[in-house]
Structures are given as structure tokens and as C-alpha cells.
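Q: Please see the structure below; I have some questions.
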Protein chains: 2
Amino acid sequence: MSKVSIAKGMRDFSALEVSRRQYIIGQIKQVFENYAFQPLETPSMENLSTLTGKYGDEGDKLIFRVLKSGDFLKSVPDNLPRDAHKWSPMVSDKALRYDLTVPFARYIATNRNDIKLPFKRYQIQPVWRADRPQKGRFREFYQCDADVVGSDSLFQEVELMLIYATVFEKLGLKVNIRISSRSVLNGLAAYAGVADKFSTFCTILDKVDKIGEAAVMQQWIEMGVTPEAADQIRIAIGTRGENAFGAMEKFREMDKALADLRFIIQQFENNFSGKASLIFDPSLARGLDYYTGAIFEVECPDVAIGSIGGGGRYADLTGIFGVKDVPGVGISFGLDRIYLALEERNLFPVDVNDGPQILGVNFGEKADVKTFGLITQLREKGIRSEFYPQKAKLKKQLDYANQLDISYVLMMGEEEMANNSIVLKNMRTGEQKVLPQDVAEVMNAI
Amino acid sequence: MSKVSIAKGMRDFSALEVSRRQYIIGQIKQVFENYAFQPLETPSMENLSTLTGKYGDEGDKLIFRVLKSGDFLKSVPDNLPRDAHKWSPMVSDKALRYDLTVPFARYIATNRNDIKLPFKRYQIQPVWRADRPQKGRFREFYQCDADVVGSDSLFQEVELMLIYATVFEKLGLKVNIRISSRSVLNGLAAYAGVADKFSTFCTILDKVDKIGEAAVMQQWIEMGVTPEAADQIRIAIGTRGENAFGAMEKFREMDKALADLRFIIQQFENNFSGKASLIFDPSLARGLDYYTGAIFEVECPDVAIGSIGGGGRYADLTGIFGVKDVPGVGISFGLDRIYLALEERNLFPVDVNDGPQILGVNFGEKADVKTFGLITQLREKGIRSEFYPQKAKLKKQLDYANQLDISYVLMMGEEEMANNSIVLKNMRTGEQKVLPQDVAEVMNAI
């Protein structure tokens with residue numbers, strides 16, 4: 001007998017959790033669709049070669065590879081030394097989806113003749129990563145992405161920012177959307193004289209929230225930035241919003257980027273009047289391997305949970321698959337963290353997990369089929385209803401109703417059988433009503 | 001540059017396909033919930049030991065195993081001969097969900113102290129099988145299951161039959177639900193004198209639709225059934241409904257089973273008045289490895305597509321995981337085949353894939369931000385709307401509207417800019433209206 005357990009880093013979702021996740025997904029979907037994004041689903045497994053080499057060395061290690069079926073050792077040469085790295089592509093030719101972006105690029109590449117640009121798709125599916133499980137980090141989790149490809153128009157950035165703001169408004173969560181641009185970072189690195197070490201420069205900047213400004217400056221100086229330049233940049237990246245535009249204007253090579261950011265923010269503000277704010281934050285550094293234009297990140301100031309969404313513009317989505325000139329821009333929602341934020345702020349609607357409203361008590365004999373008939377009619381009318389499957393003590397059945405948080409029970413005892421009536425008991429108030437055995441009467445009374 | 005393709009046996013689902021699948025799933029979910037089934041989701045990966053040995057030797061071969069991360073060769077002894085069967089559990093310790101039943105049993109076993117019986121759950125998730133792909137058979141497909149565990153009551157069979165009937169009524173698909181019982185098959189095998197070769201007896205019976213009665217009789221005779229007994233059984237299993245009850249009464253050991261089937265059918269007929277029929281069919285043989293009571297299968301007489309659903313009662317779901325005495329009964333819907341049946345019968349609602357209704361034409365200059373503003377307001381009102389992202393020739397933008405099957409376009413040319421109006425064009429009729437630049441006016445006019 002195996003001692004059974006759930007696999008490491010994996011989760012079961014109970015009815016309440018499924019319903020709450022569906023609630024969040026439903027809100028996101030509705031806004032995506034109002035903005036004319038259409039759903040796409042790609043398969044869980046892709047050819048291994050589609051995924052490897054797309055996420056950097058660290059990412060490659062985290063891809064879950066699927067063992068070939070049958071004799072998976074067949075194509076391993078007899079004399080090949082036992083090196084997992086060499087064996088891996090011989091014993092495995094498929095892998096699990098690691099994100100939604102590469103499969104989307106693969107979809108566009110394989111369907112390029114049928115797709116009309118601009119093409120707006122949203123995709124809400126699980127992805128898998130062989131990360132070491134820890135609090136809040138799982139090996140299977142959902143991504144909720146919206147991307148539009150085939151146009152450079154800044155209206156698309158505006159739309160995506162409005163989508164963020166509208167979704168979080170509907171969810172009741174106050175958010176700050178931070179926006180900046182790859183060109184802003186390029187300009188800062190050029191000013192610092194380390195344009196050739198751009199990615200190191202940005203990796204250091206990205207740590208500012210964790211290690212503080214002084215340590216960031218120290219590391220920049222160690223990589224060759226003069227103390228004076230480092231200090232100028234330090235001051236500039238400490239600014240936000242209108243001040244940040246002012247502070248950035250002294251740096252070269254970012255006039256176009258700043259004008260673009262101004263347009264995006266201006267149009268956002270013209271078209272959104274809710275709680276979310278969109279703020280230029282020159283300290284933002286993310287996704288630098290692929291983003292080429294605007295970059296975004298969403299934070300929830302009331303919950304210490306980190307980023308709950310992010311995205312940016314890329315110049316070339318499908319070049320890796322031989323299809324050139326497909327620029328795009330996209331955003332992602334972090335479902336798990338949004339869930340935790342709503343839970344912490346107590347923002348889930350109370351009726352998000354509607355269990356049954358009515359329980360038909362089973363007194364056996366002929367009352368059972370009569371009660372069952374009424375329950376079936378209630379179900380047909382869309383009332384979520386339960387019927388206790390076998391005769392049992394009334395107390396046991398009422399306990400069951402309470403455990404399932406059921407509001408009403410229907411009881412047909414001997415007396416009710418004799419005079420064609422039924423008792424409706426309100427489990428909250430204890431009140432009982434005697435009604436005719438008629439579905440319309442029951443519906444009126446609940 | 002990799003020549004990229006989708007993995008074998010895998011599918012992408014376009015917007016129309018996603019929407020149609022969601023339509024079917026939505027109908028099924030709603031009925032499940034009206035019958036007080038609650039959602040459960042289990043992870044895509046289970047520990048390998050949870051899945052192996054549960055599906056027979058053939059099933060075991062079709063389980064997709066996930067390669068261990070990192071040095072997956074570490075626990076393979078140096079001198080172990082290259083035998084995939086021996087290596088497999090050393091290089092893999094996780095596997096992909098093969099069905100929804102074993103993970104459900106694992107869930108109950110791992111949560112047995114928190115679950116209140118009877119426990120009704122539905123689960124709608126993909127499963128993976130390393131089958132050879134062929135027309136209509138895929139390596140990733142959805143199962144839609146509802147099971148109730150913890151009670152022997154026949155009302156649960158009745159509920160599940162009503163769920164089948166109600167779902168297919170809502171989908172507009174006429175179905176026949178075939179019902180029989182493990183005990184009926186036991187009784188026939190006993191009558192044939194081959195109770196000790198029960199599963200062979202049933203496997204032959206199960207082929208009757210493919211190979212015909214004569215071949216079935218021949219094979220039974222080859223396994224030791226007398227020609228006379230085989231002929232009696234042949235006649236009996238050719239009957240249906242009330243005739244089948246009559247024909248079965250001559251066989252031993254099935255009185256209780258026949259009474260149960262009568263109860264289920266009677267209660268079904270008392271409580272359902274739509275197009276689906278529930279018919280006793282003694283030739284039905286399915287799931288004999290685990291079903292112990294009633295067995296069901298759903299067919300669609302108007303579409304040559306085979307079974308679109310099935311299920312049955314089992315005496316012991318979780319014994320494999322050390323938790324005794326959890327009987328249950330469940331049904332499954334075959335999403336892919338239901339999809340094909342609805343497609344063939346042209347039964348999908350036309351509005352199941354609502355793309356955008358309105359396109360805002362982009363004439364650049366200042367008309368763009370004004371038109372964009374109106375489109376944003378329409379989106380806030382729940383009207384699915386698109387905005388053409390950049391200035392382009394009108395014809396190109398109208399073509400785009402037509403390609404996306406958009407009903408209306410909004411156009412703000414120089415004249416409209418001058419007098420604060422906007423043109424609403426109906427793309428179906430060609431009719432144009434001049435309206436004030438006001439969202440309420442636009443909504444009234446569409």
C-alpha cells in the first residue's frame with residue numbers, strides 16, 4: 001500500500017479556491033474581451049526544441065522535460081558517458097509550457113499565413129517550472145497574458161494600462177502602475193559610460209528596493225561608473241512622475257522615449273478616473289532580455305506582496321522562429337499574488353462560492369421520491385439544490401446542511417405526506433413554513 | 001533557426017474553438033452546480049507512484065513521465081543494463097495526470113479527515129496520454145467528471161442520469177443513455193458457465209457493435225460456452241428497455257440489479273420530460289476493472305461518433321490508497337466528441353464567440369485620441385470594442401473590421417471634428433448615421 005501524497009510544489013484547489021480563482025479570471029477575461037482581445041489556448045507540451053534556448057541558461061534548467069514513451073534509451077549511443085546534459089535531448093523530445101509567450105510566438109510562426117495583424121490574443125493557462133518550491137512559489141501556476149502584435153502604435157500601451165487599471169478597479173484593489181522604458185535605461189547607462197555593460201548596470205539598478213541606493217552606487221562605481229555620474233543617476237532615479245520627466249531631461253538619448261511615456265500617461269489619465277495611478281518610475285528595470293520599448297510593473301501599495309503584474313513592448317517576438325518584423329506589446333497578471341492580495345484585504349465577494357441553497361431531507365418511504373421530485377424541479381429552475389441521498393436521522397441531515405452552509409431545508413414528514421404539504425425551514429432563523437408541494441410556492445418562499 | 005511546429009498529438013485552440021469549448025463546459029458546469037456538485041482542481045503532475053499500477057499494463061505505458069530535474073541519472077546504478085522499464089522509475093518520479101479519477105481518489109485519501117461525506121465534486125481539466133495520435137484522438141484532452149462518494153443510494157444514479165439528460169437537452173443534442181449493471185453481466189457469465197473467465201466474456205461482448213452477434217457467439221463458444229447458452233444470451237442481449245427486463249428475468253443472480261435499474265429508470269422518467277431517453281441495454285459492457293454497480297454510456301443517435309459520455313458505480317474508490325469503504329458513482333462527459341457532434345448538427349449558438357462589435361477608425365491627428373476616448377467609454381459600458389491602432393487608409397481599416405466580423409465602425413473625419421459629431425456606419429447594411437460625440441448616443445444607435 002503506497003503512502004500517498006501530493007507531488008512537491010503542487011496544489012489541490014478546493015471548491016472555494018477554484019471559485020475565487022475563477023472569479024479573478026472572470027474579471028480579467030471580461031476586460032480583455034471588452035478591449036477586443038480574443039482567447040487562445042496552446043497545448044501543455046511543446047517540442048523540446050521550441051522551448052530550449054529561449055529563457056537563458058537558468059530558465060533552461062527549470063523546464064520540465066517529458067520522458068519519451070516506450071524505449072526512451074533507444075537513441076542514446078552505448079558509449080555515451082553518463083552526463084545528464086548530453087542525455088537529456090536524447091531521452092526527451094517534449095517539454096511542459098514554461099510561459100505563455102514562447103508558445104504564442106510559436107503559434108504565430110506556425111499560423112503566420114492565417115493571422116490578420118494587428119492580432120490581439122489573451123491566454124490564461126497554467127505553466128510549469130522546476131523551481132525549488134517555497135512559500136508562494138509553486139511548480140504549477142497560472143499566467144494571464146494579453147499581447148497585441150503587428151503594430152507600433154502607442155495606443156496599445158495605453159489600452160494595456162487601461163486594462164490593468166480597470167481590472168484592479170473591478171477587483172477593488174488600489175494599484176500603482178510603474179512605467180518606464182528601455183530607452184530610459186539605455187540613456188542612463190550611456191551617461192554612466194557603461195553602455196557596453198548595459199545588462200550588468202540594470203541588474204544592479206533592479207536591486208535598489210532590496211539593497212538600497214548606497215549599495216547600488218557602490219556596485220556601479222565598482223563596475224567603472226564615476227562617483228559623480230553615479231550620484232547624478234542616483235538623484236534622478238529617486239524621482240517619480242512629473243519630477244522624473246524633469247530629472248531625465250538632462251540625460252541624452254531619451255527624448256523620444258520620454259515623449260512616448262508622456263503620451264501614454266496623458267492618454268491614460270484622460271481615459272481613466274478610478275483609483276489606479278500610472279507613474280513614470282525611472283528606477284524600473286525588468287525583462288531586459290527582450291523588452292525594447294515601454295516596460296510596466298503593477299504594485300499594490302496596501303499589501304506587501306511585490307509585483308502583481310508586468311509587461312512591456314518587444315520589437316521582435318517571432319524572430320527566434322524565423323518570422324521577422326512582428327513587434328508587439330503585452331502584459332501579464334500574477335493570479336496567485338492577486339489572490340493573496342484580495343484575501344488579505346478581504347475583497348472576495350461573499351457569494352463567490354455559491355454552494356447549494358436548499359437541502360431536501362430524506363425521510364425514506366414514499367416521501368423520498370416526492371421530495372426528490374421537488375428538488376429536481378428547483379434544480380431545473382436554476383436553484384442549486386441538494387437531496388440527502390439516503391434515509392437518516394433528521395439531526396444528521398440538518399448537520400449536513402449546516403456543514404455545507406445551506407440556507408433552507410425541505411422536509412416531508414408523515415403529516416405533510418397526508419395533506420400534500422411540505423415544511424420549508426430557514427436554517428439561519430429557524431423559522432418554518434408549511435407550503436403546498438409546489439415548486440413555485442417554494443421559490444416564492446426562499 | 002529551428003523549423004518550428006506544434007508537438008505531435010497536440011492542438012492549438014483558436015478564439016472560436018476556445019469559445020465553443022467554453023460554451024459546452026459552461027453548460028455542463030451549470031448543471032453540475034445546480035445538482036450541488038462543487039468544483040475541485042488537482043495538479044497536472046502527481047507522484048509517479050500515485051499513478052502507476054492503476055490503469056493496467058496498457059495504461060501504464062501511456063502515462064507521460066516527467067524527467068527529474070538536474071542530474072536525472074544520479075540514482076541509476078553504474079552497472080544497470082540499459083532497460084527502459086528498469087530505468088524509468090529512477091530517472092522520473094512524477095507523471096502527468098492520466099485521468100481525473102485517480103487524482104480524485106488521491107485527494108480524498110490525503111484529505112480524508114476534512115471531507116464530509118457524501119462528497120460531490122466535479123472536475124474539468126485536461127489529461128494526457130501517450131497514445132498514438134490519430135483522427136479524433138489526441139495526447140491532451142479535457143475530461144469533465146462528476147462523482148459523488150460516500151453513499152450507496154440509488155438516488156445518486158438518478159441524479160447523474162438527470163444531469164446527462166439536462167446537459168444534452170440544453171445543448172440541443174438528442175441522446176440515448178444506455179444503462180446496465182455489473183451484476184447483469186455477472187449473471188450472464190454465470191449462466192454461460194464462464195464466471196471464472198468473466199473479463200474475457202465481457203471483452204467479447206463489448207465488441208458486438210464492431211464484429212456482430214455471430215462473431216461474438218463464435219468467440220464465446222471457443223472459450224467454452226455451449227452453443228445453446230450462447231444463443232440464449234445472444235437473444236437476451238438483443239433486447240432493450242422493458243423487453244430486456246423480461247428477457248433478463250430468466251437468468252439467475254440479477255434480481256436485485258434489475259430492481260435497482262427499474263428504480264433508476266422509473267425515477268428518471270418521473271423527473272425528466274425532455275428528448276433524452278434512458279434505456280436498459282444488457283449488451284452494455286464497460287469499465288469492468290472497477291465498476292461494481294450500474295454502468296452507463298451516452299450515445300447520440302444522429303451523429304456517428306460513438307460514446308459521448310459514460311460512467312458507473314464503484315464499491316471502493318480509495319482502497320488503493322489505504323482508505324477503505326468509500327463507494328461512489330460518477331459520470332464523465334467527452335468534450336471533444338460533444339464538440340464534434342454540436343458542430344456536425346450545427347448546434348453552436350451563433351453568438352458563442354462574440355468578437356468586438358465596434359471599430360474606432362483611426363484618422364490620426366487629433367481625431368485619434370477623441371475616437372479612442374469614445375471607444376474606451378464603450379468598453380467601460382461592456383461593449384466589446386476595437387480601436388485601429390495607427391492611422392491607415394480607410395479601406396484598410398474597413399477591411400480589418402470585416403475580417404473581424406465587426407458590425408459597426410465609428411469615424412471622425414475633418415467635418416466631424418469641426419462640428420463635434422461622429423459617423424456610425426453599420427457594416428452589415430452600409431447605413432451611416434451622424435451622431436454627437438457621446439457614448440450614450442452611440443449605444444442607443446447600435
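Naming works like this for the C-alpha cells: A, B, ... for the chains as they're shown, residue 1 at the start of each chain, ligands 1 onward in shown order.
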Could you list, as a ChimeraX atom specification, every residue of chain A that has an atom within 6 Å of an atom of chain B, counting only C-alpha atoms?
A: /A:7,10-15,34-36,38-43,46-47,65-67,71,84,153,155,356,379,384-386,389-390
Q: Would you export the selected residues with N, CA, C and O atoms as a tab-separated table (two decimals), in the first residue's frame, please?
A:
chain	number	residue	atom	x	y	z
A	7	ALA	N	2.28	15.72	-5.08
A	7	ALA	CA	3.66	15.93	-5.51
A	7	ALA	C	4.18	17.29	-5.01
A	7	ALA	O	3.40	18.23	-4.81
A	10	MET	N	3.15	21.19	-5.78
A	10	MET	CA	1.86	21.14	-6.47
A	10	MET	C	0.74	21.45	-5.47
A	10	MET	O	0.91	21.30	-4.28
A	11	ARG	N	-0.39	21.86	-6.01
A	11	ARG	CA	-1.52	22.24	-5.16
A	11	ARG	C	-2.83	21.63	-5.63
A	11	ARG	O	-3.08	21.56	-6.83
A	12	ASP	N	-3.66	21.23	-4.67
A	12	ASP	CA	-5.07	20.98	-4.96
A	12	ASP	C	-5.83	22.28	-4.69
A	12	ASP	O	-5.47	23.04	-3.78
A	13	PHE	N	-6.90	22.50	-5.45
A	13	PHE	CA	-7.75	23.66	-5.18
A	13	PHE	C	-9.15	23.19	-4.82
A	13	PHE	O	-9.81	22.52	-5.61
A	14	SER	N	-9.56	23.54	-3.62
A	14	SER	CA	-10.90	23.19	-3.14
A	14	SER	C	-11.95	24.03	-3.85
A	14	SER	O	-11.62	24.97	-4.59
A	15	ALA	N	-13.22	23.73	-3.57
A	15	ALA	CA	-14.31	24.45	-4.22
A	15	ALA	C	-14.19	25.96	-4.01
A	15	ALA	O	-14.32	26.74	-4.96
A	34	ASN	N	-13.58	43.08	-23.57
A	34	ASN	CA	-14.08	44.42	-23.89
A	34	ASN	C	-13.04	45.20	-24.70
A	34	ASN	O	-13.40	46.06	-25.49
A	35	TYR	N	-11.78	44.89	-24.51
A	35	TYR	CA	-10.71	45.55	-25.26
A	35	TYR	C	-10.36	44.77	-26.53
A	35	TYR	O	-9.30	44.96	-27.12
A	36	ALA	N	-11.24	43.88	-26.94
A	36	ALA	CA	-11.14	43.18	-28.22
A	36	ALA	C	-9.98	42.19	-28.28
A	36	ALA	O	-9.53	41.84	-29.37
A	38	GLN	N	-8.90	38.38	-27.94
A	38	GLN	CA	-9.64	37.13	-28.12
A	38	GLN	C	-8.84	35.97	-27.54
A	38	GLN	O	-7.61	35.99	-27.55
A	39	PRO	N	-9.53	34.96	-27.05
A	39	PRO	CA	-8.82	33.86	-26.37
A	39	PRO	C	-8.01	32.98	-27.31
A	39	PRO	O	-8.38	32.77	-28.46
A	40	LEU	N	-6.91	32.47	-26.79
A	40	LEU	CA	-6.11	31.46	-27.49
A	40	LEU	C	-5.69	30.45	-26.44
A	40	LEU	O	-5.42	30.81	-25.29
A	41	GLU	N	-5.66	29.18	-26.81
A	41	GLU	CA	-5.07	28.17	-25.93
A	41	GLU	C	-4.05	27.37	-26.71
A	41	GLU	O	-4.32	26.94	-27.84
A	42	THR	N	-2.89	27.22	-26.15
A	42	THR	CA	-1.87	26.38	-26.77
A	42	THR	C	-1.70	25.13	-25.90
A	42	THR	O	-2.11	25.12	-24.74
A	43	PRO	N	-1.10	24.08	-26.46
A	43	PRO	CA	-1.02	22.83	-25.68
A	43	PRO	C	-0.01	22.92	-24.53
A	43	PRO	O	0.90	23.73	-24.55
A	46	GLU	N	5.16	21.30	-25.64
A	46	GLU	CA	5.72	21.75	-26.90
A	46	GLU	C	6.92	20.85	-27.22
A	46	GLU	O	7.48	20.20	-26.32
A	47	ASN	N	7.32	20.83	-28.48
A	47	ASN	CA	8.58	20.16	-28.80
A	47	ASN	C	9.68	20.80	-27.96
A	47	ASN	O	9.71	22.02	-27.79
A	65	ARG	N	11.02	18.52	-18.54
A	65	ARG	CA	11.10	17.72	-19.74
A	65	ARG	C	10.28	16.45	-19.58
A	65	ARG	O	10.24	15.87	-18.49
A	66	VAL	N	9.64	16.03	-20.65
A	66	VAL	CA	8.81	14.83	-20.61
A	66	VAL	C	9.58	13.68	-21.23
A	66	VAL	O	10.14	13.81	-22.33
A	67	LEU	N	9.64	12.57	-20.51
A	67	LEU	CA	10.37	11.39	-20.98
A	67	LEU	C	9.70	10.84	-22.23
A	67	LEU	O	8.47	10.78	-22.31
A	71	ASP	N	10.71	2.81	-25.38
A	71	ASP	CA	12.13	2.62	-25.09
A	71	ASP	C	12.87	3.95	-25.24
A	71	ASP	O	13.46	4.24	-26.27
A	84	ALA	N	24.00	14.07	-17.72
A	84	ALA	CA	22.57	14.39	-17.85
A	84	ALA	C	22.34	15.41	-18.96
A	84	ALA	O	21.36	15.32	-19.72
A	153	SER	N	1.91	51.18	-32.58
A	153	SER	CA	1.14	52.30	-32.05
A	153	SER	C	1.17	52.34	-30.52
A	153	SER	O	0.97	51.33	-29.86
A	155	PHE	N	-1.06	53.66	-28.77
A	155	PHE	CA	-2.40	53.43	-28.23
A	155	PHE	C	-2.50	52.04	-27.59
A	155	PHE	O	-3.31	51.81	-26.72
A	356	PRO	N	-24.96	24.78	-2.54
A	356	PRO	CA	-26.41	24.60	-2.65
A	356	PRO	C	-27.17	25.50	-1.67
A	356	PRO	O	-26.70	25.78	-0.58
A	379	ARG	N	-33.90	22.49	-9.19
A	379	ARG	CA	-32.66	22.50	-9.97
A	379	ARG	C	-32.92	22.97	-11.39
A	379	ARG	O	-32.15	23.74	-11.96
A	384	ARG	N	-29.61	26.02	-6.94
A	384	ARG	CA	-28.66	24.97	-6.57
A	384	ARG	C	-29.22	24.22	-5.37
A	384	ARG	O	-29.40	24.79	-4.30
A	385	SER	N	-29.47	22.95	-5.55
A	385	SER	CA	-30.19	22.20	-4.53
A	385	SER	C	-29.55	20.84	-4.31
A	385	SER	O	-28.98	20.25	-5.22
A	386	GLU	N	-29.68	20.36	-3.08
A	386	GLU	CA	-29.12	19.07	-2.73
A	386	GLU	C	-30.24	18.18	-2.18
A	386	GLU	O	-31.23	18.67	-1.63
A	389	PRO	N	-29.01	11.69	0.19
A	389	PRO	CA	-29.22	10.50	-0.65
A	389	PRO	C	-29.94	9.35	0.05
A	389	PRO	O	-30.64	8.59	-0.60
A	390	GLN	N	-29.75	9.19	1.36
A	390	GLN	CA	-30.47	8.08	1.99
A	390	GLN	C	-31.18	8.55	3.25
A	390	GLN	O	-30.89	9.60	3.80
Q: Find the spatial neighbours of Val216 (chain B), counting only C-alpha atoms, within a cut-off of 12 Å - ignore same-chain residues fewer than 2 positions away - and output them as a list in words.
A: Thr200, Phe201, Cys202, Thr203, Ile204, Leu205, Asp206, Lys207, Val208, Asp209, Lys210, Ile211, Gly212, Glu213, Ala214, Gln218, Gln219, Trp220, Ile221, Glu222, Met223, Val225, Pro227, Ala230, Asp231, Ile233, Arg234, Ile237 and Ser283 of chain B
Q: What separation in Å, quoted to one decimal, exists between CA of Glu431 (chain B) and CA of Lys366 (chain B)?
A: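 Here the two named atoms are 25.4 Å from each other.
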Q: Which residues, written as JSON, numbers by chain, have at least one atom at most 9 Å from region 180-193 of chain B, with only C-alpha atoms counted and residues fewer than 3 positions away on the same chain left out?
A: {"B": [196, 197, 198, 201, 202, 220, 224, 225, 226, 229, 230, 233, 248, 251, 252, 253, 254, 255, 256, 257, 258, 261, 279, 280, 281, 282, 283, 284, 285, 286, 288, 291, 292, 293, 294, 295, 296, 312, 313]}
Q: Could you tell me how far CA of Ile108 (chain B) lies from CA of Val149 (chain B), in Å and to one decimal?
A: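 Pair CA of Ile108 (chain B) / CA of Val149 (chain B) returns 9.5 Å.
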Q: Write down as a list in words the residues belonging to region 57-145 of chain A that are assigned strand (DSSP E) by DSSP computed on the backbone.
A: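 After running DSSP on the backbone, region 57-145 of chain A has strand (DSSP E) at Arg65, Val66, Leu67, Ser92, Asp93, Lys94, Ala95, Leu96, Phe119, Lys120, Arg121, Tyr122, Gln123, Ile124, Gln125, Pro126, Val127, Trp128, Glu140, Phe141, Tyr142, Gln143, Cys144 and Asp145 of chain A.
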Q: Looking at A:Lys135, A:Lys393, A:Lys174, A:Arg428, which one is nearest to Ile406 (chain A), with distances taken over only C-alpha atoms?
A: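 For Ile406 (chain A), the nearest of the given residues is A:Arg428.
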Q: Which polymer residues have any atom within 7 Å of an atom of Ile177 (chain A), counting only C-alpha atoms, with same-chain residues fewer than 5 positions away left out, as a count of residues only?
A: 7
